[in-house]
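See structure below.
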Amino acid sequence: MQETALKGRKFAGSNRAPKTYSTARTCAHKGCGTQLSQYNKREHCYSHAPTKYPRLRGRIVKAEA
Ligand SMILES: [Zn+2]
């Protein structure tokens with residue numbers, strides 16, 4: 001009799017650590033000593049992270065007076 005069932009290995013999740021970045025990192029901004037989370041892959045703290053503006057379909061938004 002042919003065996004058709006797929007066999008898998010028992011899931012062993014105990015020896016798998018979550019990916020972490022180096023501990024005790026601080027913000028890359030000059031003079032900012034905000035400590036970053038080891039799970040945060042960014043180089044800046046929340047307030048120094050480069051601001052990303054949402055894409056506005058090619059329109060250039062100007063501050064008009
Ligand atoms: Zn900062």
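How things are named: the first chain in the structure tokens is A, the next is B, and so on; residues count from 1 in each chain; ligands count from 1 in the order shown.
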
- Task: Kindly work out which residues sit at most 10 Å from ligand 1, using only C-alpha atoms and all ligand atoms, and give the list as number ranges by chain.
- Result: A: 26-36, 43-49

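Atom to atom, atom CA of A:Tyr39 and atom CA of A:Pro54 stand 24.9 Å apart.
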